[in-house]
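With mmCIF, C-alpha atoms and all ligand atoms inside, this is input_32.cif:
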```
data_data
#
loop_
_atom_site.label_atom_id
_atom_site.label_comp_id
_atom_site.auth_asym_id
_atom_site.auth_seq_id
_atom_site.Cartn_x
_atom_site.Cartn_y
_atom_site.Cartn_z
CA MET A 29 20.58 2.62 -21.37
CA ARG A 30 18.76 0.91 -18.51
CA LEU A 31 15.71 2.23 -16.69
CA PHE A 32 13.88 1.38 -13.50
CA ASP A 33 10.13 2.01 -13.13
CA THR A 34 10.00 2.32 -9.35
CA HIS A 35 6.21 2.35 -8.87
CA VAL A 36 3.65 0.17 -10.67
CA HIS A 37 0.33 -1.36 -9.56
CA LEU A 38 0.73 -4.42 -11.74
CA ASN A 39 -2.44 -6.12 -10.47
CA GLN A 40 -4.50 -3.22 -11.92
CA ILE A 41 -2.98 -3.49 -15.39
CA GLU A 42 -5.22 -5.30 -17.86
CA ASP A 43 -2.61 -6.81 -20.17
CA VAL A 44 0.13 -7.69 -17.70
CA ASP A 45 2.21 -9.83 -20.05
CA GLY A 46 1.94 -7.34 -22.91
CA ALA A 47 2.85 -4.41 -20.66
CA LEU A 48 5.89 -6.23 -19.24
CA LYS A 49 7.04 -7.26 -22.71
CA ARG A 50 6.68 -3.73 -24.09
CA ALA A 51 8.57 -2.38 -21.08
CA LYS A 52 11.43 -4.78 -21.63
CA GLU A 53 11.61 -3.84 -25.32
CA ALA A 54 11.73 -0.17 -24.32
CA GLY A 55 14.74 -0.75 -22.05
CA ILE A 56 12.91 -0.84 -18.73
CA ASP A 57 15.16 -3.30 -16.97
CA LYS A 58 13.56 -3.32 -13.52
CA ILE A 59 10.06 -2.69 -12.18
CA LEU A 60 8.94 -2.27 -8.60
CA ILE A 61 5.37 -3.44 -8.01
CA ALA A 62 3.55 -1.94 -5.03
CA GLY A 63 0.55 -3.13 -3.02
CA LEU A 64 -2.39 -1.10 -1.76
CA ASP A 65 -4.42 -3.40 0.46
CA LEU A 66 -4.63 -7.04 1.55
CA GLU A 67 -6.09 -8.26 -1.74
CA SER A 68 -3.67 -6.39 -4.03
CA ASN A 69 -0.68 -7.41 -1.88
CA ARG A 70 -1.65 -11.04 -2.40
CA GLN A 71 -2.16 -10.47 -6.11
CA ILE A 72 1.22 -8.87 -6.67
CA ILE A 73 2.98 -11.64 -4.74
CA GLU A 74 1.34 -14.05 -7.17
CA LEU A 75 2.41 -11.94 -10.18
CA TYR A 76 5.93 -11.72 -8.77
CA ASN A 77 6.08 -15.51 -8.44
CA THR A 78 4.70 -16.17 -11.93
CA HIS A 79 6.81 -13.61 -13.85
CA LYS A 80 10.31 -14.58 -12.84
CA GLU A 81 11.59 -13.84 -16.35
CA TYR A 82 11.23 -10.11 -15.56
CA ASN A 83 13.18 -8.20 -12.93
CA LEU A 84 10.29 -7.43 -10.61
CA TYR A 85 10.71 -6.11 -7.06
CA LEU A 86 8.04 -6.18 -4.40
CA ALA A 87 6.71 -3.55 -2.01
CA LEU A 88 3.86 -4.48 0.31
CA GLY A 89 1.70 -2.16 2.38
CA ILE A 90 -1.64 -0.46 2.97
CA HIS A 91 -2.31 2.73 0.97
CA PRO A 92 -4.08 5.67 2.70
CA PHE A 93 -6.98 5.21 0.25
CA ARG A 94 -7.59 1.74 1.67
CA PRO A 95 -7.44 2.35 5.40
CA GLU A 96 -9.05 -0.87 6.57
CA LYS A 97 -7.94 -1.39 10.11
CA LYS A 98 -9.20 -4.96 10.24
CA THR A 99 -6.62 -5.97 7.61
CA LEU A 100 -3.63 -4.31 9.29
CA GLU A 101 -2.46 -7.34 11.26
CA GLU A 102 -2.81 -9.62 8.27
CA VAL A 103 -0.88 -7.27 5.97
CA CYS A 104 1.84 -6.84 8.60
CA ASP A 105 2.11 -10.64 8.92
CA LEU A 106 2.35 -10.90 5.13
CA ILE A 107 5.15 -8.32 5.12
CA ARG A 108 7.00 -10.14 7.92
CA SER A 109 6.69 -13.48 6.18
CA ARG A 110 8.11 -11.98 2.96
CA ARG A 111 10.86 -9.95 4.61
CA ASP A 112 13.56 -11.58 2.46
CA ASN A 113 11.64 -10.97 -0.78
CA ILE A 114 10.47 -7.41 -0.39
CA ALA A 115 12.44 -4.37 -1.53
CA ALA A 116 10.36 -1.93 0.52
CA VAL A 117 7.30 -1.35 2.65
CA GLY A 118 4.77 0.55 0.53
CA GLU A 119 2.72 2.12 -0.59
CA ILE A 120 1.94 3.73 2.74
CA GLY A 121 1.30 7.29 3.90
CA LEU A 122 -1.28 10.03 4.34
CA ASP A 123 -3.55 11.76 1.81
CA TYR A 124 -5.44 14.86 2.90
CA TRP A 125 -7.14 15.25 -0.49
CA TYR A 126 -8.82 11.90 0.00
CA LYS A 127 -12.55 12.50 0.61
CA GLU A 128 -12.59 10.92 4.08
CA ALA A 129 -9.54 12.86 5.26
CA ARG A 130 -10.09 16.40 4.00
CA LYS A 131 -10.71 17.66 7.51
CA LYS A 132 -9.11 16.79 10.82
CA GLY A 133 -10.89 13.93 12.50
CA GLU A 134 -11.49 10.21 12.27
CA GLY A 135 -10.45 9.80 8.63
CA ARG A 136 -7.05 11.35 9.22
CA ASP A 137 -6.58 9.56 12.54
CA LEU A 138 -7.14 6.21 10.88
CA GLN A 139 -4.67 6.96 8.05
CA ARG A 140 -2.14 8.03 10.63
CA GLU A 141 -2.61 4.94 12.78
CA LEU A 142 -2.00 2.61 9.82
CA PHE A 143 0.92 4.69 8.55
CA VAL A 144 2.65 4.70 11.95
CA ALA A 145 2.16 0.93 12.41
CA GLN A 146 3.79 0.31 9.03
CA LEU A 147 6.64 2.76 9.69
CA LYS A 148 7.39 0.85 12.90
CA LEU A 149 7.38 -2.40 10.96
CA ALA A 150 9.74 -0.98 8.32
CA GLU A 151 12.07 0.16 11.09
CA GLU A 152 11.93 -3.28 12.72
CA LEU A 153 12.63 -5.07 9.40
CA ASP A 154 15.19 -2.46 8.28
CA LYS A 155 13.39 -1.85 4.97
CA PRO A 156 12.99 1.31 2.86
CA VAL A 157 9.54 2.94 2.76
CA ILE A 158 7.56 4.29 -0.20
CA VAL A 159 5.46 7.20 1.05
CA HIS A 160 2.30 8.58 -0.54
CA SER A 161 2.04 12.13 0.85
CA ARG A 162 -0.47 14.07 -1.28
CA GLY A 163 -1.72 17.15 0.58
CA ALA A 164 0.01 15.86 3.73
CA TRP A 165 3.65 16.46 2.82
CA GLY A 166 4.63 18.18 6.07
CA ASP A 167 2.88 15.66 8.33
CA CYS A 168 4.44 12.75 6.43
CA LEU A 169 7.88 14.29 6.83
CA SER A 170 7.39 14.84 10.59
CA LEU A 171 6.27 11.25 11.04
CA VAL A 172 9.06 9.56 9.07
CA ARG A 173 11.60 11.62 11.02
CA GLU A 174 10.48 9.86 14.20
CA TYR A 175 11.76 6.47 13.07
CA GLN A 176 15.14 5.06 12.14
CA LEU A 177 14.28 4.16 8.57
CA LYS A 178 16.69 2.67 6.09
CA GLN A 179 15.54 4.89 3.22
CA VAL A 180 12.52 7.11 2.60
CA LEU A 181 10.97 7.83 -0.80
CA PHE A 182 8.37 10.57 -1.26
CA HIS A 183 6.70 9.03 -4.27
CA TRP A 184 5.26 11.26 -7.06
CA TYR A 185 6.27 14.38 -5.17
CA THR A 186 4.21 17.47 -6.03
CA GLY A 187 4.40 19.29 -2.71
CA PRO A 188 5.90 22.67 -1.83
CA VAL A 189 9.56 23.33 -2.57
CA ASP A 190 10.33 24.39 1.03
CA ILE A 191 9.24 20.97 2.32
CA LEU A 192 11.19 19.34 -0.50
CA LYS A 193 14.31 21.12 0.73
CA GLU A 194 13.81 19.57 4.17
CA ILE A 195 13.20 16.15 2.61
CA LEU A 196 16.48 16.42 0.71
CA ASN A 197 18.30 17.69 3.80
CA GLU A 198 17.30 14.47 5.54
CA GLY A 199 18.87 12.47 2.71
CA PHE A 200 15.48 11.22 1.52
CA TYR A 201 14.46 10.64 -2.12
CA ILE A 202 11.58 11.68 -4.36
CA SER A 203 10.12 10.08 -7.45
CA LEU A 204 8.52 11.71 -10.48
CA SER A 205 5.70 10.36 -12.64
CA PRO A 206 4.61 11.17 -16.22
CA SER A 207 2.69 14.16 -14.78
CA LEU A 208 6.09 15.84 -15.05
CA GLU A 209 5.12 16.62 -18.66
CA TYR A 210 2.52 19.16 -17.50
CA SER A 211 2.48 19.59 -13.70
CA LYS A 212 4.07 22.83 -12.52
CA GLU A 213 4.57 21.37 -9.05
CA ALA A 214 6.33 18.28 -10.37
CA GLN A 215 8.52 20.45 -12.59
CA ALA A 216 9.48 22.67 -9.66
CA ALA A 217 10.44 19.56 -7.68
CA ALA A 218 12.45 18.24 -10.63
CA ARG A 219 14.41 21.49 -10.82
CA GLU A 220 15.12 21.56 -7.10
CA ALA A 221 16.19 17.96 -6.44
CA PRO A 222 19.59 16.69 -7.59
CA PRO A 223 19.26 13.79 -10.08
CA GLU A 224 21.00 11.49 -7.56
CA LYS A 225 17.89 11.82 -5.36
CA ILE A 226 15.28 11.37 -8.09
CA LEU A 227 13.71 8.05 -9.05
CA LEU A 228 11.51 7.59 -12.12
CA GLU A 229 8.10 5.95 -12.01
CA THR A 230 4.78 5.62 -13.81
CA ASP A 231 2.32 4.63 -11.03
CA SER A 232 0.72 2.56 -13.83
CA PRO A 233 -2.07 2.26 -14.75
CA VAL A 234 -2.82 5.86 -13.68
CA SER A 235 -4.10 7.89 -16.63
CA TYR A 236 -2.23 11.07 -17.58
CA LYS A 237 -2.70 13.99 -19.93
CA SER A 238 -0.67 14.29 -23.10
CA ALA A 239 -0.72 16.41 -26.25
CA ALA A 240 -2.54 13.54 -27.96
CA GLY A 241 -5.16 13.24 -25.18
CA ARG A 242 -5.40 11.14 -22.04
CA TYR A 243 -3.74 7.75 -21.95
CA VAL A 244 -3.59 4.85 -19.52
CA SER A 245 0.02 4.45 -18.47
CA GLU A 246 2.14 1.34 -18.40
CA PRO A 247 5.77 0.87 -17.35
CA LYS A 248 7.23 1.79 -20.75
CA ASP A 249 5.92 5.34 -20.18
CA VAL A 250 8.77 5.89 -17.75
CA LEU A 251 10.50 7.03 -20.97
CA ARG A 252 8.25 10.12 -20.93
CA VAL A 253 9.50 11.01 -17.45
CA LEU A 254 13.09 10.51 -18.57
CA LYS A 255 12.65 12.73 -21.64
CA LYS A 256 11.03 15.57 -19.71
CA LEU A 257 13.54 15.37 -16.87
CA SER A 258 16.44 15.52 -19.31
CA GLU A 259 14.93 18.70 -20.82
CA LEU A 260 14.41 20.32 -17.42
CA LYS A 261 17.89 19.39 -16.19
CA GLU A 262 19.51 20.15 -19.56
CA MET A 263 21.34 16.83 -19.35
CA ASP A 264 21.26 14.11 -21.97
CA LYS A 265 18.89 11.21 -21.53
CA GLU A 266 21.61 8.57 -21.21
CA LYS A 267 23.19 10.47 -18.36
CA ILE A 268 19.90 10.96 -16.48
CA ALA A 269 19.00 7.32 -17.09
CA GLY A 270 22.31 6.18 -15.62
CA ILE A 271 22.08 8.40 -12.54
CA THR A 272 18.43 7.62 -11.73
CA TYR A 273 18.90 3.88 -12.33
CA LYS A 274 21.82 3.86 -9.93
CA ALA A 275 19.83 5.93 -7.41
CA SER A 276 16.97 3.40 -7.61
CA CYS A 277 19.30 0.46 -6.98
CA THR A 278 20.90 2.29 -4.05
CA PHE A 279 17.50 3.14 -2.60
CA PHE A 280 16.16 -0.41 -2.79
CA ASN A 281 19.52 -1.94 -1.85
CA ILE A 282 19.78 -3.87 -5.12
CA THR A 283 23.26 -4.86 -6.18
CA ASP A 284 23.53 -4.91 -9.96
ZN ZN B 1 0.72 4.17 -6.31
#
```
Transcribe the structure of this file into structure tokens.
Ligand SMILES: [Zn+2]
Amino acid sequence: MRLFDTHVHLNQIEDVDGALKRAKEAGIDKILIAGLDLESNRQIIELYNTHKEYNLYLALGIHPFRPEKKTLEEVCDLIRSRRDNIAAVGEIGLDYWYKEARKKGEGRDLQRELFVAQLKLAEELDKPVIVHSRGAWGDCLSLVREYQLKQVLFHWYTGPVDILKEILNEGFYISLSPSLEYSKEAQAAAREAPPEKILLETDSPVSYKSAAGRYVSEPKDVLRVLKKLSELKEMDKEKIAGITYKASCTFFNITD
């Protein structure tokens, strides 16, 4: 059984080597590491270069929580210069639950400006995009539809099922995090989407709830997502692992 953790912020993990080792032991064969801002993009490039013994894949981008316009050109240059090394542009998107963007106005306009610039770049470079869409699912969908994008992933999808149906109709993908163990919205999404369009992720080191209390996630916790998804889909774990691994490789254009 092979697994792919498709969303990790490796630069934020305290014990990087330990976490990667434990992931490998748990059967996590591949890990995509995503950037958030100029600094973290540089850090994950460094981690990618210094951990060649693991199957790491890179995504670079500016997250809607870090909408610093002054860094946009520099991040775009970084993405261009790494075009042969990156698996995707991400994590990019809109977040209307973010304090500066709860209401229409400057905060949202800035997120949108950065998102659009990076969508254009992904189109130009013919790369998949990893979209953060919390509270802004419909607006993210309308925007990605405007570009000819190679692949689109709505990461950690917890939005409404009617928008999910449109996402799937477009041929786009979603990913599910360990919140699947308790989030009604994530569970509804898991039931609706076919396994061929679902990727597994942890968004490590995000902390999640569990029966034993809160825990700080690391890539090996993708096993929790697998277990819960196999229960919800009433399919055995090996089968779900195989389908979602293949879907991840297809999405990121990885031949393996
Ligand atoms: Zn993330």
Legend entry - For Ala239 in chain A: contacts at 12 Å, all atoms listed in the file, fewer than 4 positions along chain excluded, given as number ranges by chain: A: 209-210, 243
Inset, instruction - Please write out the residues within 10 Å of ligand ZN 1 (chain B) as a PyMOL selection string, counting only C-alpha atoms and all ligand atoms. - result: chain A and resi 34-37+61-64+91+118-120+158-160+183-184+229-234
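If you look at CA of Asp154 in chain A and CA of Asn77 in chain A, they are 23.1 Å away from each other.
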Pick out the residues sitting within 10 Å of Arg111 in chain A, and hand them over as an mmCIF file with C-alpha atoms, keeping the file's coordinate frame; count all atoms listed in the file, and ignore anything fewer than 4 positions along from it in its own chain.
```
data_model
loop_
_atom_site.group_PDB
_atom_site.id
_atom_site.type_symbol
_atom_site.label_atom_id
_atom_site.label_comp_id
_atom_site.auth_asym_id
_atom_site.auth_seq_id
_atom_site.Cartn_x
_atom_site.Cartn_y
_atom_site.Cartn_z
ATOM 1 C CA LEU A 88 3.860 -4.480 0.310
ATOM 2 C CA ASP A 105 2.110 -10.640 8.920
ATOM 3 C CA LEU A 106 2.350 -10.900 5.130
ATOM 4 C CA ILE A 107 5.150 -8.320 5.120
ATOM 5 C CA ALA A 115 12.440 -4.370 -1.530
ATOM 6 C CA ALA A 116 10.360 -1.930 0.520
ATOM 7 C CA VAL A 117 7.300 -1.350 2.650
ATOM 8 C CA ALA A 150 9.740 -0.980 8.320
ATOM 9 C CA LEU A 153 12.630 -5.070 9.400
ATOM 10 C CA ASP A 154 15.190 -2.460 8.280
ATOM 11 C CA LYS A 155 13.390 -1.850 4.970
#
```
Inset, instruction - Excluding Glu74 in chain A and residues on its chain fewer than 6 positions from it, collect all residues at most 12 Å away from it, counting only C-alpha atoms, and give them as number ranges by chain. - result: A: 38-39, 61, 63, 67-68, 80, 84, 86
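Straight-line separation from CA of Leu204 in chain A to CA of Lys256 in chain A: 10.3 Å.
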Legend entry - Nearest candidate to Asp43 in chain A (options A:Thr186, A:Ser245, A:Thr278, A:Thr272; using all atoms listed in the file):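 Under the stated criterion, the closest residue is A:Ser245.
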Inset, instruction - Excluding Arg136 in chain A and residues on its chain fewer than 6 positions from it, collect all residues at most 12 Å away from it, counting all atoms listed in the file, and give them as a PyMOL selection string. - result: chain A and resi 92-93+95+121-130+142-143+163-164+167-168
Next, write the just-selected residues to a file, as a CSV table (one decimal), in the coordinates of the input, keeping C-alpha atoms as the atom set.
```csv
chain,number,residue,atom,x,y,z
A,92,PRO,CA,-4.1,5.7,2.7
A,93,PHE,CA,-7.0,5.2,0.2
A,95,PRO,CA,-7.4,2.4,5.4
A,121,GLY,CA,1.3,7.3,3.9
A,122,LEU,CA,-1.3,10.0,4.3
A,123,ASP,CA,-3.6,11.8,1.8
A,124,TYR,CA,-5.4,14.9,2.9
A,125,TRP,CA,-7.1,15.2,-0.5
A,126,TYR,CA,-8.8,11.9,0.0
A,127,LYS,CA,-12.6,12.5,0.6
A,128,GLU,CA,-12.6,10.9,4.1
A,129,ALA,CA,-9.5,12.9,5.3
A,130,ARG,CA,-10.1,16.4,4.0
A,142,LEU,CA,-2.0,2.6,9.8
A,143,PHE,CA,0.9,4.7,8.6
A,163,GLY,CA,-1.7,17.2,0.6
A,164,ALA,CA,0.0,15.9,3.7
A,167,ASP,CA,2.9,15.7,8.3
A,168,CYS,CA,4.4,12.8,6.4
```
Inset, instruction - For CA of Ala218 in chain A and CA of Leu260 in chain A, determine how far apart the two atoms are, in Å to one decimal place. - result: 7.4 Å
Legend entry - From A:Lys225, A:Lys237, A:Lys255, A:Lys58, residue lying nearest Asn83 in chain A [all atoms listed in the file]: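 Going through A:Lys225, A:Lys237, A:Lys255, A:Lys58 one by one, the smallest distance to Asn83 in chain A is for A:Lys58.
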Legend entry - Minimum-distance residue to Phe200 in chain A, chosen among A:Leu251, A:Ala275, A:Leu228, A:Ala145 (using all atoms listed in the file): A:Ala275
Inset, instruction - Pick out the closest residue to Lys97 in chain A from this set: A:Gln215, A:Gln179, A:Gln71, A:Gln139. Count all atoms listed in the file. - result: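 That would be A:Gln139, the residue with the smallest distance to Lys97 in chain A.
Comparing the minimum interatomic distances between Glu53 in chain A and each of A:Asp65, A:Asn281, A:Tyr201, A:Pro247, counting only C-alpha atoms, we find that A:Pro247 sits nearest.
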Legend entry - Non-local contacts of Glu194 in chain A (12 Å; all atoms listed in the file; under 2 positions in same chain excluded) as a ChimeraX atom specification: /A:165-166,168-170,173,182,187-192,196-202,220-221
Could you rebuild range 64-90 of chain A with N, CA, C and O atoms and give me the result as a tab-separated table (two decimals), in the coordinates of the input?
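File produced: out_21.tsv:
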```
chain	number	residue	atom	x	y	z
A	64	LEU	N	-1.53	-2.14	-2.28
A	64	LEU	CA	-2.39	-1.10	-1.76
A	64	LEU	C	-3.23	-1.55	-0.57
A	64	LEU	O	-3.62	-0.77	0.28
A	65	ASP	N	-3.56	-2.83	-0.58
A	65	ASP	CA	-4.42	-3.40	0.46
A	65	ASP	C	-4.18	-4.91	0.50
A	65	ASP	O	-3.36	-5.42	-0.27
A	66	LEU	N	-4.88	-5.61	1.38
A	66	LEU	CA	-4.63	-7.04	1.55
A	66	LEU	C	-4.72	-7.80	0.22
A	66	LEU	O	-3.82	-8.55	-0.17
A	67	GLU	N	-5.83	-7.56	-0.48
A	67	GLU	CA	-6.09	-8.26	-1.74
A	67	GLU	C	-4.99	-7.99	-2.78
A	67	GLU	O	-4.44	-8.91	-3.38
A	68	SER	N	-4.67	-6.72	-2.99
A	68	SER	CA	-3.67	-6.39	-4.03
A	68	SER	C	-2.28	-6.87	-3.62
A	68	SER	O	-1.48	-7.25	-4.47
A	69	ASN	N	-1.99	-6.88	-2.32
A	69	ASN	CA	-0.68	-7.41	-1.88
A	69	ASN	C	-0.57	-8.89	-2.24
A	69	ASN	O	0.46	-9.34	-2.72
A	70	ARG	N	-1.66	-9.63	-2.03
A	70	ARG	CA	-1.65	-11.04	-2.40
A	70	ARG	C	-1.51	-11.21	-3.91
A	70	ARG	O	-0.79	-12.09	-4.38
A	71	GLN	N	-2.21	-10.36	-4.65
A	71	GLN	CA	-2.16	-10.47	-6.11
A	71	GLN	C	-0.76	-10.18	-6.65
A	71	GLN	O	-0.29	-10.86	-7.56
A	72	ILE	N	-0.11	-9.18	-6.10
A	72	ILE	CA	1.22	-8.87	-6.67
A	72	ILE	C	2.27	-9.90	-6.25
A	72	ILE	O	3.22	-10.14	-6.99
A	73	ILE	N	2.08	-10.54	-5.11
A	73	ILE	CA	2.98	-11.64	-4.74
A	73	ILE	C	2.85	-12.76	-5.77
A	73	ILE	O	3.83	-13.32	-6.25
A	74	GLU	N	1.60	-13.03	-6.15
A	74	GLU	CA	1.34	-14.05	-7.17
A	74	GLU	C	1.98	-13.66	-8.51
A	74	GLU	O	2.65	-14.48	-9.16
A	75	LEU	N	1.82	-12.40	-8.91
A	75	LEU	CA	2.41	-11.94	-10.18
A	75	LEU	C	3.94	-12.00	-10.13
A	75	LEU	O	4.59	-12.37	-11.11
A	76	TYR	N	4.48	-11.66	-8.98
A	76	TYR	CA	5.93	-11.72	-8.77
A	76	TYR	C	6.42	-13.16	-8.94
A	76	TYR	O	7.42	-13.42	-9.61
A	77	ASN	N	5.68	-14.10	-8.37
A	77	ASN	CA	6.08	-15.51	-8.44
A	77	ASN	C	5.91	-16.12	-9.84
A	77	ASN	O	6.60	-17.07	-10.17
A	78	THR	N	4.98	-15.56	-10.61
A	78	THR	CA	4.70	-16.17	-11.93
A	78	THR	C	5.37	-15.42	-13.08
A	78	THR	O	5.16	-15.77	-14.24
A	79	HIS	N	6.13	-14.38	-12.78
A	79	HIS	CA	6.81	-13.61	-13.85
A	79	HIS	C	8.29	-13.47	-13.55
A	79	HIS	O	8.85	-12.38	-13.61
A	80	LYS	N	8.90	-14.59	-13.24
A	80	LYS	CA	10.31	-14.58	-12.84
A	80	LYS	C	11.25	-14.17	-13.98
A	80	LYS	O	12.41	-13.85	-13.75
A	81	GLU	N	10.73	-14.22	-15.23
A	81	GLU	CA	11.59	-13.84	-16.35
A	81	GLU	C	11.80	-12.32	-16.42
A	81	GLU	O	12.63	-11.84	-17.18
A	82	TYR	N	11.04	-11.56	-15.62
A	82	TYR	CA	11.23	-10.11	-15.56
A	82	TYR	C	11.87	-9.76	-14.22
A	82	TYR	O	11.70	-10.49	-13.24
A	83	ASN	N	12.56	-8.64	-14.19
A	83	ASN	CA	13.18	-8.20	-12.93
A	83	ASN	C	12.16	-7.38	-12.14
A	83	ASN	O	12.14	-6.16	-12.21
A	84	LEU	N	11.31	-8.11	-11.42
A	84	LEU	CA	10.29	-7.43	-10.61
A	84	LEU	C	10.75	-7.37	-9.15
A	84	LEU	O	11.40	-8.30	-8.66
A	85	TYR	N	10.40	-6.29	-8.49
A	85	TYR	CA	10.71	-6.11	-7.06
A	85	TYR	C	9.41	-5.78	-6.35
A	85	TYR	O	8.56	-5.08	-6.89
A	86	LEU	N	9.30	-6.28	-5.13
A	86	LEU	CA	8.04	-6.18	-4.40
A	86	LEU	C	8.06	-5.11	-3.31
A	86	LEU	O	9.05	-4.99	-2.57
A	87	ALA	N	6.95	-4.39	-3.19
A	87	ALA	CA	6.71	-3.55	-2.01
A	87	ALA	C	5.30	-3.87	-1.52
A	87	ALA	O	4.36	-3.88	-2.32
A	88	LEU	N	5.18	-4.14	-0.25
A	88	LEU	CA	3.86	-4.48	0.31
A	88	LEU	C	3.47	-3.45	1.36
A	88	LEU	O	4.32	-2.95	2.10
A	89	GLY	N	2.16	-3.13	1.38
A	89	GLY	CA	1.70	-2.16	2.38
A	89	GLY	C	0.24	-1.80	2.17
A	89	GLY	O	-0.39	-2.25	1.21
A	90	ILE	N	-0.26	-0.95	3.07
A	90	ILE	CA	-1.64	-0.46	2.97
A	90	ILE	C	-1.60	1.03	2.62
A	90	ILE	O	-1.02	1.85	3.34
```
